[in-house]
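First comes the structure, then the notes that go with it.
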Amino acid sequence: MMSDNPAMLRVRNLHKHYGAHPVLRGIDLDVAHGEAVVVIGPSGSGKSTLLSCINFLEPFDTGEVRVNGEPIGWSAGAEGTRVRQSERELDRLRAGIGIVFQQFNLFPHMTVLANLMEAPMQVLRQSESAARKHALALLEKVGLLGKAGAYPGELSGGQQQRVAIARCLAMRPALMLFDEVTSALDPELVGEVLAVMRQLRQDGLTMLIVTHEMGFARDVADRVVFMDGGLIVEQGPPALLFSQPSAARTREFLGLSTPSTH
């Protein structure tokens with residue numbers, strides 16, 4: 001699949017430290033156009049940091065990230081040096097990368113509709129009518145058209161997260177990053193958010209998803225990546241990785257080892 005479908009996202013030898021503590025230790029990862037890749041692993045394995053480095057919310061130490069062929073964060077300087085990109089350039093690049101976090105981060109003083117219209121009008125310079133039309137279509141897509149005039153505080157957690165996803169989609173990103181988007185939700189609200197993400201998968205959106213929802217990962221992923229200790233331990237199709245992982249650490253994480261691992 002990868003050879004026929006060039007990488008939308010290309011990560012090479014990515015390293016990130018917090019002080020003396022290495023969090024990412026040489027990550028290589030490609031995500032093809034239209035591919036859904038799910039990253040799993042224990043807490044502290046570097047999954048969320050990887051997403052934050054991809055759109056340079058967290059500056060990485062060494063390595064390279066490219067989205068649609070363009071480097072993110074650092075550009076080549078003279079004599080092999082590298083130069084941090086300007087905030088203006090970073091904003092331009094980030095506009096094509098949507099990221100949804102555990103926290104909804106909606107503007108509480110704005111209606112749901114205004115939350116979706118703000119960035120397209122301010123960043124993409126869309127007209128109010130064009131932004132409104134697209135926002136309403138997205139709210140219908142996530143099943144919340146009837147909440148357009150509501151404020152975030154009037155919505156359930158699951159509804160707020162669906163609005164947060166729609167708000168990212170309003171920027172028409174080429175790549176979507178999802179960081180544990182259901183982990184802050186009550187269990188009965190998780191399904192409605194995952195249903196939206198399944199629909200995005202069917203629409204062919206390129207996605208990199210960090211999740212603890214193993215059933216969802218098995219359902220939606222073209223490929224599952226298992227991380228531990230800042231490294232990619234192994235990756236492969238979900239049917240294979242979840243039933244016959246090759247690494248002992250993956251088997252232990254999935255509870256496929258001895259009963260004592262439970």
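Each chain of the structure tokens is named A, B, ... in the order shown, its residues numbered from 1; ligands are numbered from 1 in display order.
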
Determine, for each residue of range 6-43 of chain A having at least one atom at most 9 Å from an atom of range 157-179 of chain A, the closest pair of atoms and their separation in Å to one decimal, counting only C-alpha atoms; order by chain and ascending number, as a Markdown table.
| residue | atom | partner | partner_atom | distance |
| --- | --- | --- | --- | --- |
| A:Met8 | CA | A:Leu175 | CA | 7.6 |
| A:Leu9 | CA | A:Leu175 | CA | 8.0 |
| A:His33 | CA | A:Leu175 | CA | 8.6 |
| A:Gly34 | CA | A:Leu175 | CA | 8.9 |

Distance table requested - range 28-67 of chain A against range 186-204 of chain A, cut-off 12 Å, only C-alpha atoms: one row per qualifying residue with the closest atom pair and its distance in Å to one decimal, ordered by chain and rising residue number, as CSV.
residue,atom,partner,partner_atom,distance
A:Ala32,CA,A:Gly204,CA,10.9
A:His33,CA,A:Gly204,CA,8.3
A:Gly34,CA,A:Gly204,CA,4.8
A:Glu35,CA,A:Gly204,CA,7.2
A:Ala36,CA,A:Arg201,CA,6.7
A:Val37,CA,A:Arg201,CA,10.2
A:Val38,CA,A:Arg201,CA,11.6

May I have the selected residues written with C-alpha atoms, as a PDB file, in the first residue's frame?
ATOM      1  CA  ALA A  32       0.070   7.517   3.366  1.00  0.00           C
ATOM      2  CA  HIS A  33      -2.623   9.711   1.833  1.00  0.00           C
ATOM      3  CA  GLY A  34      -5.991   8.421   3.000  1.00  0.00           C
ATOM      4  CA  GLU A  35      -4.484   6.043   5.560  1.00  0.00           C
ATOM      5  CA  ALA A  36      -5.679   5.708   9.165  1.00  0.00           C
ATOM      6  CA  VAL A  37      -2.820   4.798  11.502  1.00  0.00           C
ATOM      7  CA  VAL A  38      -3.521   4.118  15.170  1.00  0.00           C
TER       8      VAL A  38
END

Task: All strand (DSSP E) positions in range 18-191 of chain A, as a PyMOL selection string - done: chain A and resi 18+21-32+36-40+62-67+70-71+74-76+82-84+97-100+175-179

TODO: Would you please work out which residue, of A:Gln85, A:Thr62, A:Ser48, A:Asn55, is nearest to Arg12 in chain A when using only C-alpha atoms?
DONE: A:Thr62

Open item on the list: Quick one: residues within 12 Å of range 17-19 of chain A, only C-alpha atoms, excluding same-chain residues fewer than 6 positions away - as a ChimeraX atom specification?
Closed with: /A:25-26,46,49-50,53,58-62,230

Output N, CA, C and O atoms of each residue in that selection to a file, as a PDB file, in the first residue's frame.
ATOM      1  N   ARG A  25      12.930   8.492  20.900  1.00  0.00           N
ATOM      2  CA  ARG A  25      14.312   8.043  20.718  1.00  0.00           C
ATOM      3  C   ARG A  25      14.546   7.487  19.304  1.00  0.00           C
ATOM      4  O   ARG A  25      14.962   6.359  19.134  1.00  0.00           O
ATOM      5  N   GLY A  26      14.246   8.319  18.317  1.00  0.00           N
ATOM      6  CA  GLY A  26      14.530   7.916  16.954  1.00  0.00           C
ATOM      7  C   GLY A  26      13.330   7.289  16.264  1.00  0.00           C
ATOM      8  O   GLY A  26      13.367   6.137  15.842  1.00  0.00           O
ATOM      9  N   GLY A  46       5.432   8.055  24.872  1.00  0.00           N
ATOM     10  CA  GLY A  46       5.793   9.081  23.903  1.00  0.00           C
ATOM     11  C   GLY A  46       4.752   9.327  22.832  1.00  0.00           C
ATOM     12  O   GLY A  46       4.975  10.120  21.911  1.00  0.00           O
ATOM     13  N   THR A  49       3.442  12.982  22.790  1.00  0.00           N
ATOM     14  CA  THR A  49       4.555  13.856  22.412  1.00  0.00           C
ATOM     15  C   THR A  49       4.820  13.766  20.917  1.00  0.00           C
ATOM     16  O   THR A  49       5.115  14.771  20.265  1.00  0.00           O
ATOM     17  N   LEU A  50       4.709  12.571  20.359  1.00  0.00           N
ATOM     18  CA  LEU A  50       4.887  12.408  18.918  1.00  0.00           C
ATOM     19  C   LEU A  50       3.907  13.293  18.152  1.00  0.00           C
ATOM     20  O   LEU A  50       4.297  14.007  17.210  1.00  0.00           O
ATOM     21  N   CYS A  53       4.868  16.926  18.373  1.00  0.00           N
ATOM     22  CA  CYS A  53       6.054  17.254  17.571  1.00  0.00           C
ATOM     23  C   CYS A  53       5.705  17.357  16.085  1.00  0.00           C
ATOM     24  O   CYS A  53       6.329  18.128  15.351  1.00  0.00           O
ATOM     25  N   GLU A  58       5.318  21.004  20.176  1.00  0.00           N
ATOM     26  CA  GLU A  58       6.514  20.694  20.957  1.00  0.00           C
ATOM     27  C   GLU A  58       7.696  20.684  19.989  1.00  0.00           C
ATOM     28  O   GLU A  58       7.763  19.823  19.105  1.00  0.00           O
ATOM     29  N   PRO A  59       8.637  21.620  20.109  1.00  0.00           N
ATOM     30  CA  PRO A  59       9.807  21.575  19.237  1.00  0.00           C
ATOM     31  C   PRO A  59      10.633  20.319  19.516  1.00  0.00           C
ATOM     32  O   PRO A  59      10.941  20.017  20.665  1.00  0.00           O
ATOM     33  N   PHE A  60      10.955  19.579  18.463  1.00  0.00           N
ATOM     34  CA  PHE A  60      11.766  18.376  18.640  1.00  0.00           C
ATOM     35  C   PHE A  60      13.249  18.737  18.526  1.00  0.00           C
ATOM     36  O   PHE A  60      13.614  19.784  17.984  1.00  0.00           O
ATOM     37  N   ASP A  61      14.092  17.859  19.070  1.00  0.00           N
ATOM     38  CA  ASP A  61      15.522  18.148  19.154  1.00  0.00           C
ATOM     39  C   ASP A  61      16.232  17.875  17.832  1.00  0.00           C
ATOM     40  O   ASP A  61      16.922  18.741  17.297  1.00  0.00           O
ATOM     41  N   THR A  62      16.088  16.659  17.330  1.00  0.00           N
ATOM     42  CA  THR A  62      16.704  16.297  16.061  1.00  0.00           C
ATOM     43  C   THR A  62      15.726  15.438  15.271  1.00  0.00           C
ATOM     44  O   THR A  62      14.772  14.890  15.823  1.00  0.00           O
ATOM     45  N   GLY A 230       9.505   5.450  24.132  1.00  0.00           N
ATOM     46  CA  GLY A 230       9.969   6.393  23.131  1.00  0.00           C
ATOM     47  C   GLY A 230      10.373   5.781  21.817  1.00  0.00           C
ATOM     48  O   GLY A 230      10.954   6.456  20.966  1.00  0.00           O
TER      49      GLY A 230
END
